[in-house]
file start.cif (mmCIF, C-alpha atoms)
data_coords
#
loop_
_atom_site.label_atom_id
_atom_site.label_comp_id
_atom_site.auth_asym_id
_atom_site.auth_seq_id
_atom_site.Cartn_x
_atom_site.Cartn_y
_atom_site.Cartn_z
CA MET C 189 27.52 -3.46 -50.76
CA THR C 190 24.53 -2.59 -48.59
CA MET C 191 22.95 -6.08 -48.30
CA GLU C 192 24.61 -9.40 -47.57
CA LEU C 193 23.20 -12.91 -47.39
CA VAL C 194 24.69 -13.96 -44.07
CA THR C 195 23.24 -17.47 -44.06
CA GLY C 196 24.60 -18.37 -47.46
CA HIS C 197 27.68 -19.68 -49.24
CA ALA C 198 29.88 -16.87 -50.56
CA GLY C 199 32.92 -18.82 -51.66
CA GLU C 200 34.99 -17.48 -48.79
CA PRO C 201 34.64 -16.90 -45.00
CA HIS C 202 32.34 -13.92 -44.54
CA VAL C 203 30.12 -14.39 -41.45
CA THR C 204 31.23 -12.19 -38.55
CA ALA C 205 30.72 -12.54 -34.80
CA ALA C 206 28.79 -9.27 -34.83
CA GLN C 207 26.34 -10.67 -37.39
CA ASP C 208 25.85 -13.80 -35.33
CA ALA C 209 25.32 -11.70 -32.18
CA ALA C 210 22.80 -9.51 -34.01
CA LEU C 211 20.80 -12.62 -34.92
CA HIS C 212 20.83 -13.84 -31.30
CA ALA C 213 19.82 -10.40 -30.00
CA GLY C 214 16.98 -10.16 -32.51
CA VAL C 215 15.61 -13.58 -31.58
CA ILE C 216 16.04 -13.69 -27.79
CA GLY C 217 16.46 -10.00 -26.93
CA GLY C 218 19.31 -7.55 -26.66
CA ASP C 219 19.76 -7.68 -22.89
CA ASP C 220 21.87 -10.05 -20.77
CA TYR C 221 20.61 -13.54 -19.92
CA VAL C 222 21.77 -16.76 -18.31
CA LEU C 223 20.44 -19.75 -20.25
CA SER C 224 18.74 -22.80 -18.74
CA THR C 225 21.69 -25.09 -19.46
CA LYS C 226 24.33 -26.88 -17.38
CA ASP C 227 24.33 -25.56 -13.77
CA ARG C 228 23.35 -21.98 -14.66
CA PHE C 229 26.47 -20.52 -13.01
CA ALA C 230 25.53 -21.71 -9.52
CA ILE C 231 27.87 -20.25 -6.90
CA ASN C 232 29.46 -21.91 -3.88
CA VAL C 233 31.36 -20.04 -1.16
CA VAL C 234 34.45 -22.16 -0.49
CA SER C 235 36.25 -19.99 2.07
CA ALA C 236 36.59 -16.41 3.30
CA ASN C 237 38.31 -15.45 0.06
CA LYS C 238 37.27 -17.98 -2.57
CA VAL C 239 34.09 -18.87 -4.44
CA THR C 240 33.42 -21.44 -7.16
CA ILE C 241 31.21 -20.72 -10.16
CA ALA C 242 29.64 -23.77 -11.81
CA GLY C 243 29.21 -24.33 -15.53
CA GLY C 244 26.68 -22.41 -17.55
CA ASP C 245 25.86 -20.51 -20.72
CA LEU C 246 24.96 -16.85 -21.08
CA VAL C 247 24.13 -14.41 -23.81
CA MET C 248 25.13 -10.78 -23.32
CA GLN C 249 23.72 -8.45 -25.95
CA GLY C 250 23.64 -11.35 -28.40
CA TYR C 251 27.16 -12.63 -27.66
CA HIS C 252 27.16 -16.23 -26.40
CA ALA C 253 29.72 -17.27 -23.77
CA SER C 254 30.06 -20.69 -22.16
CA ASN C 255 31.68 -21.99 -18.98
CA ASP C 256 32.20 -25.75 -19.32
CA LYS C 257 33.64 -26.57 -15.89
CA PRO C 258 33.70 -25.02 -12.39
CA ALA C 259 35.89 -21.94 -12.04
CA ASP C 260 37.49 -20.72 -8.80
CA LEU C 261 37.56 -16.96 -8.17
CA ILE C 262 39.50 -15.17 -5.45
CA ILE C 263 37.76 -12.53 -3.34
CA THR C 264 40.15 -9.99 -1.81
CA ASN C 265 40.06 -10.28 1.98
CA GLY C 266 37.81 -7.84 3.77
CA SER C 267 38.83 -5.49 6.59
CA GLN C 268 37.65 -5.52 10.20
CA GLY C 269 34.96 -2.90 10.83
CA GLN C 270 34.34 -2.21 7.12
CA LYS C 271 31.83 -3.39 4.56
CA ARG C 272 32.24 -3.88 0.83
CA ASN C 273 30.34 -5.06 -2.22
CA ASP C 274 32.20 -6.98 -4.91
CA ILE C 275 30.62 -7.93 -8.24
CA ILE C 276 31.31 -11.17 -10.07
CA CYS C 277 30.76 -10.64 -13.75
CA CYS C 278 31.42 -12.06 -17.17
CA ARG C 279 33.71 -9.61 -18.94
CA TYR C 280 33.73 -9.29 -22.72
CA THR C 281 37.00 -7.94 -24.11
CA LYS C 282 38.00 -7.02 -27.64
CA VAL C 283 41.64 -6.49 -28.53
CA GLY C 284 42.44 -4.74 -31.77
CA ASP C 285 40.00 -5.31 -34.59
CA SER C 286 39.16 -8.97 -34.20
CA ILE C 287 40.33 -10.82 -31.06
CA GLU C 288 37.37 -11.17 -28.67
CA SER C 289 37.17 -13.12 -25.41
CA ALA C 290 35.02 -13.59 -22.29
CA ASN C 291 36.20 -14.31 -18.76
CA LEU C 292 34.79 -14.49 -15.25
CA VAL C 293 36.23 -11.68 -13.11
CA VAL C 294 35.71 -10.11 -9.69
CA VAL C 295 35.27 -6.33 -9.63
CA LYS C 296 36.28 -5.11 -6.18
CA GLY C 297 34.15 -2.52 -4.43
CA THR C 298 35.22 0.29 -2.11
CA PRO C 299 35.38 -0.49 1.66
CA THR C 300 33.32 1.75 3.90
CA THR C 301 32.08 1.96 7.48
CA GLY C 302 28.69 3.03 6.14
CA THR C 303 26.45 1.45 3.51
CA PRO C 304 28.53 -0.11 0.72
CA VAL C 305 27.74 0.59 -2.93
CA ASP C 306 28.41 -1.57 -5.96
CA PRO C 307 31.56 -0.91 -7.96
CA THR C 308 31.21 0.65 -11.41
CA LEU C 309 30.99 -1.80 -14.31
CA ASN C 310 31.62 -1.34 -18.02
CA THR C 311 28.15 -1.00 -19.49
CA THR C 312 28.62 0.72 -22.86
CA PRO C 313 26.89 -1.60 -25.39
CA ILE C 314 29.13 -3.80 -27.50
CA SER C 315 27.10 -2.81 -30.56
CA GLN C 316 28.22 0.79 -29.98
CA GLY C 317 31.88 -0.15 -30.25
CA ALA C 318 32.72 -0.95 -26.63
CA THR C 319 35.87 -3.03 -26.27
CA THR C 320 35.04 -4.02 -22.67
CA TYR C 321 31.61 -4.95 -21.36
CA ASP C 322 30.60 -6.45 -18.00
CA MET C 323 27.58 -8.65 -17.40
CA ALA C 324 26.90 -8.78 -13.65
CA LEU C 325 26.31 -12.26 -12.23
CA TYR C 326 26.57 -11.96 -8.43
CA ARG C 327 26.92 -9.31 -5.76
CA VAL C 328 29.19 -10.59 -3.00
CA PRO C 329 28.71 -8.61 0.24
CA LEU C 330 31.55 -8.53 2.76
CA ASP C 331 31.12 -7.51 6.39
CA GLY C 332 34.54 -7.33 7.96
CA ILE C 333 36.34 -10.50 6.92
CA THR C 334 33.11 -12.46 6.45
CA ILE C 335 31.61 -13.18 3.02
CA GLY C 336 27.85 -12.91 3.04
CA GLU C 337 25.37 -14.80 0.87
CA PRO C 338 26.04 -14.01 -2.81
CA GLU C 339 23.10 -12.27 -4.47
CA PRO C 340 22.20 -13.24 -8.07
CA MET C 341 22.01 -10.25 -10.43
CA PHE C 342 21.05 -12.06 -13.64
CA ASN C 343 17.84 -13.15 -15.35
CA ILE C 344 17.41 -16.75 -16.47
CA LEU C 345 16.02 -17.05 -19.99
CA GLN C 346 13.61 -19.97 -20.19
CA PRO C 347 13.70 -22.13 -23.32
CA MET C 348 11.02 -21.77 -25.98
CA SER C 349 9.59 -25.16 -24.97
CA SER C 350 8.72 -23.76 -21.53
CA VAL C 351 7.17 -20.64 -23.06
CA TRP C 352 5.13 -22.78 -25.44
CA ASP C 353 3.94 -25.01 -22.60
CA SER C 354 2.82 -21.96 -20.62
CA LEU C 355 0.89 -20.60 -23.61
CA THR C 356 -0.83 -23.87 -24.45
CA GLN C 357 -1.83 -25.10 -21.00
CA PRO C 358 -5.34 -26.57 -21.21
CA LEU C 359 -8.05 -25.56 -18.78
CA LEU C 360 -8.51 -27.90 -15.82
CA TYR C 361 -11.84 -28.73 -14.23
CA ALA C 362 -13.08 -29.76 -10.79
CA LYS C 363 -16.62 -31.16 -10.52
CA PHE C 364 -18.75 -31.26 -7.37
CA ARG C 365 -21.89 -32.92 -6.03
CA TRP C 366 -24.21 -32.10 -3.14
CA GLN C 367 -23.49 -33.59 0.26
CA ASP C 368 -27.23 -34.02 0.86
CA THR C 369 -29.96 -32.48 -1.31
CA SER C 370 -32.56 -32.81 1.45
CA SER C 371 -30.46 -30.74 3.86
CA PHE C 372 -29.33 -28.35 1.13
CA ASN C 373 -32.08 -27.83 -1.46
CA PRO C 374 -30.44 -26.88 -4.78
CA ASP C 375 -31.80 -24.06 -6.90
CA ALA C 376 -33.98 -25.37 -9.71
CA TYR C 377 -31.77 -23.57 -12.16
CA GLY C 378 -28.45 -23.95 -10.42
CA GLY C 379 -24.95 -23.28 -11.62
CA GLY C 380 -22.34 -25.49 -13.18
CA MET C 381 -21.22 -27.24 -9.98
CA GLN C 382 -17.63 -26.79 -11.10
CA ILE C 383 -14.46 -24.77 -10.78
CA VAL C 384 -12.46 -24.05 -13.93
CA VAL C 385 -8.71 -23.75 -13.30
CA ASP C 386 -6.86 -21.48 -15.75
CA GLU C 387 -3.21 -22.09 -14.88
CA ARG C 388 -1.95 -20.03 -17.82
CA ASN C 389 -3.49 -16.85 -16.43
CA ARG C 390 -3.46 -18.03 -12.78
CA LEU C 391 -7.23 -17.70 -12.38
CA LEU C 392 -10.07 -19.71 -10.83
CA HIS C 393 -13.56 -19.47 -12.35
CA VAL C 394 -16.00 -20.61 -9.64
CA ASP C 395 -19.53 -21.59 -10.76
CA LEU C 396 -21.33 -23.64 -8.10
CA SER C 397 -25.04 -23.25 -7.23
CA GLY C 398 -27.42 -21.53 -4.88
CA PHE C 399 -29.37 -23.50 -2.28
CA LYS C 400 -31.67 -23.34 0.73
CA SER C 401 -30.54 -24.88 4.00
CA THR C 402 -33.05 -27.01 5.92
CA VAL C 403 -30.65 -27.67 8.79
CA SER C 404 -28.81 -25.58 11.37
CA LEU C 405 -25.04 -25.84 11.60
CA ASN C 406 -22.79 -23.85 13.90
CA HIS C 407 -19.52 -24.81 12.19
CA ASP C 408 -17.90 -25.01 8.78
CA TYR C 409 -19.46 -27.75 6.70
CA PRO C 410 -18.58 -29.50 3.38
CA VAL C 411 -21.82 -28.78 1.54
CA PHE C 412 -20.11 -29.54 -1.78
CA GLN C 413 -18.42 -32.91 -2.14
CA TYR C 414 -15.65 -33.69 -4.60
CA ALA C 415 -16.89 -35.57 -7.67
CA ALA C 416 -14.14 -35.51 -10.30
CA GLY C 417 -11.22 -33.55 -11.74
CA VAL C 418 -8.39 -31.70 -10.05
CA LYS C 419 -7.77 -30.78 -6.43
CA PRO C 420 -5.66 -27.94 -4.99
CA SER C 421 -2.36 -28.70 -3.28
CA LYS C 422 -3.55 -26.77 -0.23
CA ALA C 423 -6.71 -25.05 0.99
CA VAL C 424 -7.86 -22.07 -1.09
CA SER C 425 -10.17 -19.36 0.20
CA LEU C 426 -12.88 -18.68 -2.41
CA GLY C 427 -14.22 -15.59 -0.64
CA CYS C 428 -17.92 -14.73 -0.53
CA LEU C 429 -19.87 -16.96 -2.91
CA TRP C 430 -23.41 -16.65 -1.56
CA ALA C 431 -25.60 -13.71 -0.54
CA LEU C 432 -28.39 -14.09 2.01
CA PRO C 433 -31.26 -11.72 1.20
CA VAL C 434 -32.34 -11.44 4.85
CA GLY C 435 -30.02 -9.35 7.02
CA ASN C 436 -27.56 -8.57 4.24
CA TRP C 437 -25.36 -11.50 5.13
CA ALA C 438 -22.94 -13.37 2.92
CA LYS C 439 -21.34 -16.80 3.12
CA GLN C 440 -17.71 -17.59 2.36
CA ALA C 441 -16.21 -20.85 1.14
CA THR C 442 -12.93 -22.76 1.29
CA TRP C 443 -11.80 -25.31 -1.30
CA ASN C 444 -9.90 -27.96 0.63
CA ALA C 445 -6.99 -30.10 -0.50
CA ASN C 446 -9.26 -33.19 -0.33
CA GLY C 447 -11.51 -31.58 -2.95
CA THR C 448 -14.48 -30.66 -0.75
CA ILE C 449 -15.84 -27.11 -0.52
CA MET C 450 -16.66 -25.90 2.96
CA VAL C 451 -19.30 -23.28 3.64
CA VAL C 452 -17.62 -21.18 6.32
CA GLY C 453 -19.32 -20.14 9.54
CA GLY C 454 -22.23 -22.54 9.59
CA LEU C 455 -25.84 -22.20 8.38
CA ALA C 456 -29.26 -21.57 9.89
CA ASN C 457 -32.38 -23.52 9.01
CA GLY C 458 -34.06 -21.54 6.28
CA ASP C 459 -30.97 -19.68 5.01
CA ARG C 460 -31.47 -18.88 1.34
CA CYS C 461 -27.99 -18.76 -0.22
CA MET C 462 -27.96 -17.04 -3.61
CA HIS C 463 -24.87 -17.83 -5.65
CA THR C 464 -23.09 -15.57 -8.13
CA PRO C 465 -20.19 -17.07 -10.13
CA ARG C 466 -16.90 -15.29 -9.57
CA THR C 467 -13.34 -15.24 -10.85
CA LEU C 468 -10.40 -14.89 -8.50
CA PRO C 469 -6.61 -15.26 -8.69
CA ILE C 470 -4.87 -18.52 -7.84
CA PRO C 471 -2.83 -17.91 -4.66
CA ASP C 472 0.93 -18.19 -4.90
CA GLY C 473 2.26 -21.67 -4.28
CA VAL C 474 -0.98 -23.49 -5.12
CA THR C 475 -0.80 -26.25 -7.74
CA PHE C 476 -3.43 -28.67 -9.03
CA SER C 477 -3.44 -32.38 -9.69
#
call {"tool": "encode", "arguments": {"input": "start.cif", "output": "structure tokens"}}
result
Amino acid sequence: MTMELVTGHAGEPHVTAAQDAALHAGVIGGDDYVLSTKDRFAINVVSANKVTIAGGDLVMQGYHASNDKPADLIITNGSQGQKRNDIICCRYTKVGDSIESANLVVVKGTPTTGTPVDPTLNTTPISQGATTYDMALYRVPLDGITIGEPEPMFNILQPMSSVWDSLTQPLLYAKFRWQDTSSFNPDAYGGGMQIVVDERNRLLHVDLSGFKSTVSLNHDYPVFQYAAGVKPSKAVSLGCLWALPVGNWAKQATWNANGTIMVVGGLANGDRCMHTPRTLPIPDGVTFS
């Protein structure tokens, strides 16, 4: 028989672990992932030779394994004057034709006075008939008898709900008004007086307006006042937004956390500031509300 209905009643047990793993691998990918459930295998160094791994779920090449309660693992003591890398992994094992299991294990590295290297893991794919496979979770560095900070070696697979939210994020808007139209004469055909925030693609689309200054200022000034919409969590440099035709000057701007937009470096009476809309990336760590 070349074709089988796996998700179907056959009158007898017929679904295999390999078929189930193939479905998982086809849906979420054939690599190794920690899922966003339980405590995601958080690690705690208890002593110089013991760590505790919290509960979590993982999928290695389609095979799901679960740790329901904290597990203690023993790290072999280090040696004075030597360094070593140990790897904590989830080890898949198949005995005979059908008995499969998964366990948390520590793979000990080789001590050295130089730069330590990771120990060799079993990486032949399960789908190719491997009876032992290791999914790396943490690198545990040892310097002498001291355990260093464990280093995660896994990727966390976000749930589909998070992916959907990231793909369907609506555009956000910030609206602005002039601080004083007699001091800053707007262009007759100005811009949108807004910033469009595209969180999905991490972009800002800045479309303000050109103006002519009728005052002299020797400091940064909030020419654009907040009117409505979102504000950044911290100040964002918007770069050069206006060109001055005399002297080949340009004016930069900063969008402040209070919503105002500062023209940087002051203005001279008579400055003609010509605005061109621009798109720029949202800096790391900036959110909007």
call {"tool": "axis_aligned_box", "arguments": {"input": "start.cif", "around": "stretch 461-472 of chain C", "padding_each_side": "3 Å", "output": "lines of an AutoDock Vina configuration file"}}
result
center_x = -13.5
center_y = -16.8
center_z = -5.5
size_x = 34.9
size_y = 9.9
size_z = 16.6
call {"tool": "residues_around", "arguments": {"input": "start.cif", "residues": "stretch 429-438 of chain C", "least_positions_apart": "6", "cutoff": "8 Å", "atoms": "only C-alpha atoms", "output": "VMD selection string"}}
result
chain C and resid 398 459 to 466
call {"tool": "closest_residue", "arguments": {"input": "start.cif", "among": "C:Met323, C:Ser267, C:Ser315, C:Phe372", "to": "C:Ala253", "atoms": "only C-alpha atoms"}}
result
C:Met323
call {"tool": "atom_distance", "arguments": {"input": "start.cif", "atom1": "atom CA of C:Ile383", "atom2": "atom CA of C:Leu360"}}
result
8.4 Å
call {"tool": "atom_distance", "arguments": {"input": "start.cif", "atom1": "atom CA of C:Pro469", "atom2": "atom CA of C:Ser401"}}
result
28.7 Å
